[in-house]
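Participant: Okay, so here is coords17.txt, and as you'll see once you scroll down, it has compact mmCIF, C-alpha atoms.
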# COMPACT_ATOMS: atom_id res chain seq x y z
CA MET A 1 0.00 0.00 0.00
CA LEU A 2 1.34 3.40 -0.99
CA ARG A 3 1.21 6.91 0.41
CA LEU A 4 -1.31 9.56 -0.60
CA ASN A 5 -0.47 13.24 -0.48
CA LEU A 6 -2.36 15.31 2.07
CA HIS A 7 -5.03 17.61 0.72
CA ASN A 8 -4.28 21.32 0.80
CA ASN A 9 -6.32 23.99 2.56
CA LYS A 10 -8.06 25.07 -0.63
CA ILE A 11 -9.39 21.56 -1.27
CA CYS A 12 -10.44 21.19 2.37
CA ARG A 13 -12.34 24.46 2.18
CA GLU A 14 -14.12 23.50 -1.02
CA TYR A 15 -14.98 20.11 0.44
CA VAL A 16 -16.56 21.77 3.48
CA ASP A 17 -18.47 24.18 1.25
CA ARG A 18 -19.89 21.27 -0.72
CA ILE A 19 -20.75 18.94 2.15
CA LEU A 20 -21.47 21.06 5.23
CA PRO A 21 -24.77 22.81 4.28
CA GLY A 22 -26.60 19.54 3.60
CA LEU A 23 -25.11 17.91 6.69
CA VAL A 24 -26.21 20.78 8.93
CA LYS A 25 -29.71 20.56 7.49
CA ARG A 26 -29.96 16.82 8.13
CA ILE A 27 -28.56 17.15 11.67
CA MET A 28 -31.08 19.87 12.54
CA LYS A 29 -34.17 18.57 10.77
CA GLY A 30 -33.57 14.84 10.61
CA ARG A 31 -34.03 12.55 7.64
CA THR A 32 -36.62 10.04 6.49
CA HIS A 33 -35.11 6.75 5.37
CA LYS A 34 -37.21 3.84 4.08
CA GLY A 35 -40.33 5.28 5.66
CA THR A 36 -38.78 5.93 9.08
CA LYS A 37 -37.88 9.38 10.38
CA TYR A 38 -34.48 9.65 12.03
CA ASN A 39 -33.57 12.73 14.04
CA LEU A 40 -31.57 13.87 17.03
CA LYS A 41 -32.89 14.94 20.41
CA PRO A 42 -31.98 18.45 21.63
CA GLU A 43 -29.30 17.10 23.97
CA ALA A 44 -27.54 15.37 21.06
CA LEU A 45 -27.90 18.46 18.90
CA ASP A 46 -26.14 20.48 21.59
CA ILE A 47 -23.10 18.21 21.17
CA LEU A 48 -22.92 18.03 17.40
CA LEU A 49 -24.24 21.48 16.53
CA PRO A 50 -23.87 23.95 19.42
CA LYS A 51 -26.17 26.99 19.24
CA TRP A 52 -28.46 25.06 16.91
CA LYS A 53 -31.45 27.09 18.13
CA THR A 54 -29.90 30.36 17.00
CA LYS A 55 -29.69 31.96 13.57
CA GLN A 56 -26.00 31.14 13.45
CA PRO A 57 -25.41 27.57 14.67
CA ASP A 58 -21.84 26.67 15.59
CA THR A 59 -20.76 24.31 12.81
CA SER A 60 -17.16 23.91 14.01
CA VAL A 61 -17.66 20.37 15.35
CA LEU A 62 -19.14 19.14 12.07
CA GLU A 63 -16.42 20.91 10.09
CA GLN A 64 -13.73 19.18 12.12
CA LEU A 65 -15.39 15.82 11.50
CA LEU A 66 -15.22 16.56 7.78
CA ILE A 67 -11.60 17.65 7.40
CA GLU A 68 -9.52 16.72 10.44
CA GLU A 69 -6.65 14.39 9.56
CA PRO A 70 -6.86 10.71 10.60
CA ARG A 71 -5.45 10.74 14.12
CA ALA A 72 -7.22 13.96 15.13
CA SER A 73 -10.54 12.97 13.53
CA TYR A 74 -10.45 9.52 15.15
CA LYS A 75 -9.84 11.07 18.56
CA LEU A 76 -12.55 13.68 18.02
CA ALA A 77 -15.10 11.10 16.86
CA GLY A 78 -14.34 8.99 19.92
CA GLU A 79 -14.85 11.92 22.27
CA ILE A 80 -18.10 12.95 20.60
CA TRP A 81 -19.45 9.40 20.64
CA ALA A 82 -18.56 9.04 24.32
CA ASN A 83 -20.42 12.28 25.09
CA LEU A 84 -23.46 11.10 23.13
CA GLN A 85 -23.46 7.81 25.02
CA ARG A 86 -23.50 9.65 28.35
CA LEU A 87 -26.89 11.13 27.52
CA LYS A 88 -30.05 9.65 28.93
CA LYS A 89 -31.22 6.66 26.96
CA LYS A 90 -34.12 8.49 25.28
CA SER A 91 -31.71 11.18 23.98
CA ARG A 92 -28.92 8.82 22.98
CA PRO A 93 -28.62 8.27 19.18
CA SER A 94 -27.67 4.89 17.75
CA LEU A 95 -24.86 4.26 15.28
CA LYS A 96 -27.51 3.66 12.65
CA THR A 97 -29.13 7.04 13.29
CA ILE A 98 -25.79 8.84 12.91
CA GLU A 99 -24.98 6.88 9.75
CA ILE A 100 -28.35 7.74 8.20
CA LEU A 101 -28.10 11.42 9.09
CA PHE A 102 -24.57 11.74 7.72
CA ASN A 103 -25.87 9.89 4.65
CA TYR A 104 -22.68 9.01 2.78
CA ASP A 105 -24.55 7.05 0.10
CA GLY A 106 -26.85 9.96 -0.64
CA VAL A 107 -24.08 12.53 -0.58
CA PHE A 108 -21.75 10.63 -2.91
CA ASN A 109 -23.92 8.22 -4.87
CA GLY A 110 -27.27 9.99 -5.12
CA ASN A 111 -28.28 11.99 -8.18
CA ASN A 112 -27.33 15.25 -6.50
CA GLY A 113 -24.07 13.89 -5.12
CA LYS A 114 -22.39 12.63 -8.27
CA GLU A 115 -20.80 15.98 -9.04
CA THR A 116 -19.13 16.12 -5.63
CA ALA A 117 -17.97 12.51 -5.90
CA TYR A 118 -16.39 13.12 -9.30
CA TRP A 119 -14.86 16.38 -8.12
CA LEU A 120 -13.24 14.62 -5.16
CA ALA A 121 -12.06 11.71 -7.30
CA GLY A 122 -10.38 14.18 -9.62
CA THR A 123 -8.51 15.96 -6.82
CA THR A 124 -6.55 12.90 -5.67
CA GLY A 125 -4.01 13.39 -8.44
CA ARG A 126 -3.23 9.67 -8.71
CA ASN A 127 -4.32 7.12 -11.29
CA THR A 128 -4.14 3.73 -9.59
CA CYS A 129 -5.62 2.01 -6.55
CA THR A 130 -4.04 3.27 -3.34
CA TYR A 131 -4.08 -0.18 -1.78
CA CYS A 132 -2.79 -2.46 -4.53
CA ASN A 133 -1.27 -0.20 -7.23
CA ARG A 134 -2.41 -2.86 -9.74
CA GLN A 135 -5.38 -1.22 -11.46
CA TYR A 136 -6.13 2.14 -13.02
CA ILE A 137 -8.94 4.03 -11.29
CA PHE A 138 -9.43 6.89 -13.74
CA THR A 139 -12.14 9.47 -13.30
CA ILE A 140 -13.88 9.52 -16.68
CA GLU A 141 -16.14 12.34 -17.83
CA SER A 142 -17.25 13.67 -21.21
CA CYS A 143 -19.29 16.51 -22.64
CA ASP A 144 -22.33 15.90 -24.80
CA GLU A 145 -23.46 18.06 -27.72
CA LYS A 146 -25.24 20.45 -25.34
CA GLY A 147 -22.05 21.01 -23.38
CA GLU A 148 -23.35 19.10 -20.38
CA THR A 149 -20.96 16.88 -18.48
CA ARG A 150 -21.62 13.15 -18.55
CA MET A 151 -20.09 11.32 -15.59
CA ILE A 152 -18.97 7.87 -16.74
CA ALA A 153 -16.72 6.26 -14.13
CA ARG A 154 -14.70 7.09 -11.03
CA PRO A 155 -12.72 5.26 -8.35
CA GLN A 156 -14.53 3.82 -5.39
CA PHE A 157 -13.98 5.44 -2.01
CA ASP A 158 -13.10 2.99 0.70
CA HIS A 159 -13.90 3.99 4.26
CA TRP A 160 -10.65 3.21 6.06
CA PHE A 161 -12.66 3.44 9.28
CA PRO A 162 -15.84 1.53 8.27
CA LYS A 163 -18.84 3.84 8.17
CA SER A 164 -21.04 1.30 9.96
CA ALA A 165 -18.73 1.34 13.01
CA TYR A 166 -17.57 4.95 12.71
CA PRO A 167 -20.50 6.86 11.17
CA LEU A 168 -19.19 10.17 12.50
CA LEU A 169 -16.26 9.71 10.10
CA SER A 170 -18.32 8.53 7.14
CA LEU A 171 -17.86 11.88 5.37
CA ASN A 172 -14.35 12.65 6.62
CA LEU A 173 -12.12 13.69 3.72
CA TYR A 174 -9.18 11.59 4.90
CA ASN A 175 -11.35 8.53 5.48
CA LEU A 176 -12.25 8.24 1.79
CA ILE A 177 -9.48 6.26 0.12
CA PRO A 178 -9.52 6.07 -3.72
CA SER A 179 -9.44 2.39 -4.54
CA CYS A 180 -10.41 -0.27 -7.05
CA SER A 181 -13.54 -2.38 -6.62
CA ILE A 182 -11.51 -5.50 -5.83
CA CYS A 183 -9.72 -3.92 -2.88
CA ASN A 184 -12.73 -1.97 -1.63
CA SER A 185 -15.61 -4.40 -2.07
CA SER A 186 -14.02 -7.84 -2.28
CA VAL A 187 -10.91 -7.69 -0.10
CA LYS A 188 -11.07 -4.98 2.53
CA GLY A 189 -14.81 -4.54 2.84
CA ALA A 190 -15.65 -3.60 6.41
CA THR A 191 -12.36 -4.89 7.86
CA ASN A 192 -11.76 -2.91 11.03
CA MET A 193 -8.35 -1.32 10.70
CA SER A 194 -6.64 0.54 13.50
CA LEU A 195 -4.06 3.32 13.49
CA ASP A 196 -2.16 1.29 16.08
CA THR A 197 -1.91 -1.83 13.92
CA HIS A 198 -2.22 -0.76 10.26
CA ILE A 199 -0.80 1.80 7.84
CA HIS A 200 -3.14 4.63 6.90
CA PRO A 201 -2.48 6.17 3.44
CA TYR A 202 -2.74 9.71 4.79
CA VAL A 203 -0.57 9.21 7.89
CA ASN A 204 3.10 9.88 7.31
CA GLU A 205 4.88 7.47 9.63
CA PRO A 206 8.55 6.49 9.79
CA ASP A 207 9.21 3.27 7.85
CA SER A 208 5.53 3.01 6.89
CA SER A 209 6.55 1.94 3.39
CA ALA A 210 9.26 -0.46 4.56
CA PHE A 211 8.40 -3.28 2.20
CA SER A 212 9.90 -4.45 -1.06
CA PHE A 213 9.23 -7.00 -3.77
CA ARG A 214 11.77 -9.72 -4.44
CA VAL A 215 11.75 -12.54 -6.94
CA THR A 216 13.36 -15.99 -6.87
CA LYS A 217 13.21 -19.04 -9.11
CA ALA A 218 10.37 -21.32 -8.18
CA ALA A 219 11.67 -24.51 -6.62
CA THR A 220 9.44 -26.83 -8.63
CA ASP A 221 10.05 -25.40 -12.08
CA THR A 222 13.08 -23.32 -13.03
CA SER A 223 11.08 -21.60 -15.79
CA GLU A 224 8.75 -20.06 -13.22
CA TRP A 225 9.30 -17.21 -10.79
CA LYS A 226 8.23 -16.80 -7.17
CA LEU A 227 7.43 -13.32 -5.88
CA CYS A 228 7.95 -12.36 -2.25
CA ILE A 229 7.03 -9.19 -0.36
CA ASP A 230 9.78 -8.57 2.17
CA ARG A 231 8.84 -6.68 5.35
CA VAL A 232 9.29 -6.92 9.10
CA ARG A 233 6.92 -9.57 10.40
CA GLY A 234 4.51 -8.33 13.03
CA SER A 235 4.87 -4.72 11.88
CA LYS A 236 2.09 -2.39 10.79
CA ILE A 237 2.98 -2.85 7.15
CA ASP A 238 2.95 -6.63 7.61
CA LYS A 239 -0.55 -6.50 9.10
CA THR A 240 -1.74 -4.18 6.34
CA ILE A 241 -0.32 -6.34 3.54
CA THR A 242 -1.88 -9.44 5.07
CA ASP A 243 -5.33 -7.96 5.60
CA LEU A 244 -5.39 -6.50 2.08
CA ALA A 245 -4.38 -9.91 0.65
CA LEU A 246 -1.62 -8.27 -1.36
CA GLU A 247 0.56 -11.39 -1.47
CA GLU A 248 -2.28 -13.37 -3.01
CA ALA A 249 -3.07 -10.60 -5.49
CA TYR A 250 0.51 -10.08 -6.59
CA ALA A 251 1.12 -13.81 -6.99
CA LEU A 252 -1.15 -13.58 -10.03
CA HIS A 253 1.46 -11.37 -11.69
CA GLU A 254 4.22 -14.01 -11.42
CA PRO A 255 3.52 -15.49 -14.89
CA LEU A 256 2.89 -12.02 -16.35
CA GLU A 257 4.91 -8.87 -15.60
CA VAL A 258 7.30 -10.63 -13.21
CA LYS A 259 8.15 -13.28 -15.81
CA ASP A 260 8.58 -10.65 -18.52
CA ILE A 261 11.11 -8.66 -16.51
CA MET A 262 13.08 -11.66 -15.35
CA ASP A 263 13.06 -13.38 -18.76
CA PHE A 264 14.26 -10.10 -20.32
CA HIS A 265 17.12 -10.06 -17.83
CA ASP A 266 18.04 -13.73 -18.35
CA ALA A 267 17.99 -13.43 -22.15
CA TYR A 268 20.93 -11.03 -22.19
CA PRO A 269 24.33 -10.71 -20.48
CA ASP A 270 24.46 -9.27 -16.97
CA GLY A 271 24.16 -5.51 -17.02
CA TYR A 272 22.60 -5.38 -20.49
CA VAL A 273 19.19 -4.07 -19.38
CA SER A 274 20.82 -1.32 -17.34
CA SER A 275 23.12 -0.45 -20.24
CA LEU A 276 20.14 -0.38 -22.59
CA LEU A 277 18.46 2.23 -20.43
CA ASP A 278 21.65 4.31 -20.34
CA ASP A 279 22.17 4.03 -24.09
CA LEU A 280 18.59 4.97 -24.93
CA PHE A 281 18.93 8.04 -22.76
CA LYS A 282 22.32 9.09 -24.12
CA ASN A 283 21.27 8.60 -27.75
CA SER A 284 18.02 10.51 -27.43
CA ILE A 285 17.87 13.52 -29.75
CA GLY A 286 14.84 14.92 -27.97
CA ASN A 287 14.42 16.44 -24.54
CA LEU A 288 13.77 13.16 -22.74
CA THR A 289 15.07 12.78 -19.21
CA LYS A 290 16.37 9.46 -17.98
CA SER A 291 13.16 9.11 -15.99
CA ASP A 292 11.18 9.59 -19.22
CA VAL A 293 13.16 6.83 -20.92
CA TYR A 294 12.66 4.55 -17.91
CA ARG A 295 8.92 5.21 -18.02
CA ILE A 296 8.70 4.50 -21.76
CA LEU A 297 10.87 1.38 -21.61
CA PHE A 298 9.32 -0.26 -18.56
CA GLY A 299 5.84 1.30 -18.40
CA ALA A 300 6.33 2.35 -14.79
CA GLU A 301 7.11 5.42 -12.70
CA PRO A 302 10.64 5.53 -11.24
CA ASP A 303 9.82 8.19 -8.63
CA PRO A 304 8.37 6.64 -5.42
CA ASP A 305 6.22 9.74 -4.94
CA ARG A 306 4.56 8.96 -8.27
CA PHE A 307 4.24 5.18 -8.06
CA LEU A 308 0.45 5.58 -7.92
CA ASP A 309 0.44 7.20 -11.36
CA ARG A 310 0.99 3.89 -13.16
CA PRO A 311 0.06 0.31 -12.27
CA LEU A 312 2.70 -1.92 -10.71
CA SER A 313 5.30 0.84 -10.47
CA LYS A 314 6.49 -0.26 -7.01
CA LEU A 315 6.74 -3.89 -8.13
CA LYS A 316 8.67 -3.05 -11.28
CA SER A 317 10.96 -0.62 -9.49
CA ASP A 318 11.98 -3.23 -6.92
CA LEU A 319 12.52 -6.01 -9.50
CA LEU A 320 14.50 -3.74 -11.80
CA LYS A 321 16.72 -2.74 -8.88
CA GLN A 322 17.17 -6.43 -8.12
CA ILE A 323 18.59 -7.02 -11.61
CA GLY A 324 20.79 -3.92 -11.41
CA VAL A 325 18.70 -1.27 -13.18
CA LYS A 326 18.85 2.07 -11.38
CA LEU A 327 18.43 5.69 -12.36
Please, can you express the file's structure as structure tokens?
Facilitator:
Amino acid sequence: MLRLNLHNNKICREYVDRILPGLVKRIMKGRTHKGTKYNLKPEALDILLPKWKTKQPDTSVLEQLLIEEPRASYKLAGEIWANLQRLKKKSRPSLKTIEILFNYDGVFNGNNGKETAYWLAGTTGRNTCTYCNRQYIFTIESCDEKGETRMIARPQFDHWFPKSAYPLLSLNLYNLIPSCSICNSSVKGATNMSLDTHIHPYVNEPDSSAFSFRVTKAATDTSEWKLCIDRVRGSKIDKTITDLALEEAYALHEPLEVKDIMDFHDAYPDGYVSSLLDDLFKNSIGNLTKSDVYRILFGAEPDPDRFLDRPLSKLKSDLLKQIGVKL
């Protein structure tokens, strides 16, 4: 799993402007869902929306829930939930009530929410799944003859903290991880990840990316290759890789990209692939950088900060280093 860049203040402000008005309205007036009205009692409103009876309610708590970074938002959500649970039983909202009022599905998947969802997908600035780096997750839009935008496809947003267990964070900007459908729906699902045990894409931790791909000849057949993901066992990255089933997913690339790279290496003398890269760069009559040549030759990004721009960039980078190809 790779790192995402933190959103800047401008994006945070626009996100609040898009999401907050509807959220305030639902918190104050409630919401009808499948024939049942869900709303908050005054005591709960006092916690989530201070001064809600006035002409200028205090929206600071809701704003923080929308744009606080992972550690701060998790702590805040825990404190708010604890305060809500201290209320008398008749005033105490359930997780389901909070989830329905925050209404992630309506905000991002409803007819009126598509524009915001596509806007957010387009601000991530990365092209592949954050978790696996194996699939493109392009945001695809087009204009029809009338000049109206047609929204075709976008990445899924995985709730790193599951919205069913942490509904107060269901709309948090940093809890929406751009991902492919396999990682979001099939693999991770509602897996309960913790900041103490797993790597969060928006948390910059020392050694959080301390893993590397390595290939060896398969013991049973010398024409096949075995891929390993080296990391410290018992670490956060180890737990994250295991729970995202990345070893199983990447094993499927052993007869594909892994074999191509290693067969390319074995077909020529040692150092040839590295020399080829150098020669292509030196003999270029254009303005190509060595990184450009690397990208064209291997179909991958050489810069770790841009691994998410192209599928399998981390895998290819590690295997190419293993056979002596470096920038």
Participant: Report as JSON lines the residues of region 186-217 of chain A within 6 Å of region 232-239 of chain A, each with its shortest atom pair and distance in Å (one decimal), using all atoms listed in the file, ordered by chain and increasing residue number.
Facilitator:
{"residue": "A:Thr197", "atom": "CA", "partner": "A:Lys236", "partner_atom": "CA", "distance": 5.1}
{"residue": "A:His198", "atom": "CA", "partner": "A:Lys236", "partner_atom": "CA", "distance": 4.6}
{"residue": "A:Ile199", "atom": "CA", "partner": "A:Lys236", "partner_atom": "CA", "distance": 5.9}
Participant: Hey, could you make a per-residue contact list for region 151-203 of chain A against region 97-118 of chain A with 7 Å as the cut-off, showing the nearest pair of atoms and its distance in Å to one decimal, counting all atoms listed in the file, sorted by chain and number, as a tab-separated table?
Facilitator:
residue	atom	partner	partner_atom	distance
A:Arg154	CA	A:Tyr118	CA	6.5
A:Ser164	CA	A:Glu99	CA	6.8
A:Pro167	CA	A:Glu99	CA	4.7
A:Leu168	CA	A:Ile98	CA	6.7
A:Ser170	CA	A:Tyr104	CA	6.2
A:Leu171	CA	A:Tyr104	CA	6.2
Participant: Quick one: of A:Ile137, A:Ile80, A:Val16, A:Leu280, who's nearest to Asp46 (chain A), counting only C-alpha atoms?
Facilitator: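 So, comparing all the options, the nearest one is A:Ile80.
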Participant: So how far away is CA of Asp292 (chain A) from CA of Cys132 (chain A), in Å?
Facilitator: 23.6 Å
Participant: Give the padded box for region 48-59 of chain A as JSON: axis-aligned, covering all atoms listed in the file, 6 Å on each side, centre and edge lengths in Å to one decimal.
Facilitator:
{"center_x": -26.1, "center_y": 25.0, "center_z": 16.1, "size_x": 22.7, "size_y": 25.9, "size_z": 18.6}
Participant: Using Å and a single decimal, report how far CA of Thr191 (chain A) sits from CA of Ser73 (chain A).
Facilitator: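 Answer for the CA of Ser73 (chain A) to CA of Thr191 (chain A) separation: 18.8 Å.
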Participant: Point out the residue among A:Thr59, A:Arg71, A:Lys53, A:Leu276 with the least atom-to-atom distance to Ser194 (chain A), counting all atoms listed in the file.
Facilitator: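 Looking at the shortest contact to Ser194 (chain A), the residue is A:Arg71.
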Participant: Determine, counting only C-alpha atoms, which protein, DNA and RNA residues have an atom within 6 Å of an atom of region 228-231 of chain A; residues of the same chain fewer than 4 positions away are not included. Present the result as a list of chain:residue names.
Facilitator: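 Non-adjacent residues within range: A:Phe211, A:Ser212, A:Phe213, A:Arg214.
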Participant: Which neighbours of Leu256 (chain A) fall inside 12 Å, counting all atoms listed in the file, when residues of the same chain fewer than 6 positions from it are skipped, and could you give them as a list in words?
Facilitator: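 Final neighbour list, sorted by chain and number: Glu224, Trp225, Lys226, Leu227, Tyr250, Met262, Asp263, Leu312 and Lys316 of chain A.
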Participant: Kindly indicate which residue among A:Tyr131, A:Tyr74, A:Phe138, A:Phe264 lies nearest to Leu246 (chain A), using all atoms listed in the file for the distances.
Facilitator: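 Selected residue with least distance to Leu246 (chain A): A:Tyr131.
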Participant: Between CA of Gln156 (chain A) and CA of Cys180 (chain A), what is the distance in Å, rounded to a tenth?
Facilitator: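 Computing the Euclidean distance for CA of Gln156 (chain A) and CA of Cys180 (chain A) yields 6.0 Å.
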Participant: Write out as a list in words each polymer residue whose atoms come within 10 Å of Leu2 (chain A), counting only C-alpha atoms; drop sequence neighbours fewer than 6 positions from it.
Facilitator: Cys129, Thr130, Tyr131, Cys132, Asn133, Ile199, His200, Pro201, Tyr202, Ser208, Ser209, Pro304, Asp305, Arg306, Phe307, Leu308 and Lys314 of chain A
Participant: With distances taken over all atoms listed in the file, which of A:Asn5, A:Tyr136, A:Ala165, A:Val24 is nearest to Ala153 (chain A)?
Facilitator: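 Nearest candidate to Ala153 (chain A) out of A:Asn5, A:Tyr136, A:Ala165, A:Val24: A:Tyr136.
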Participant: Go through A:Asn192, A:Ser291, A:Ser274, A:Leu62 and flag the residue nearest Gly22 (chain A), using all atoms listed in the file for the distances.
Facilitator: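 Closest to Gly22 (chain A) of all the choices is A:Leu62.
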Participant: Please determine, counting all atoms listed in the file, which residue among A:Lys282, A:Gly125, A:Thr36, A:Asn9 has the shortest atom-to-atom distance to Glu69 (chain A).
Facilitator: A:Asn9
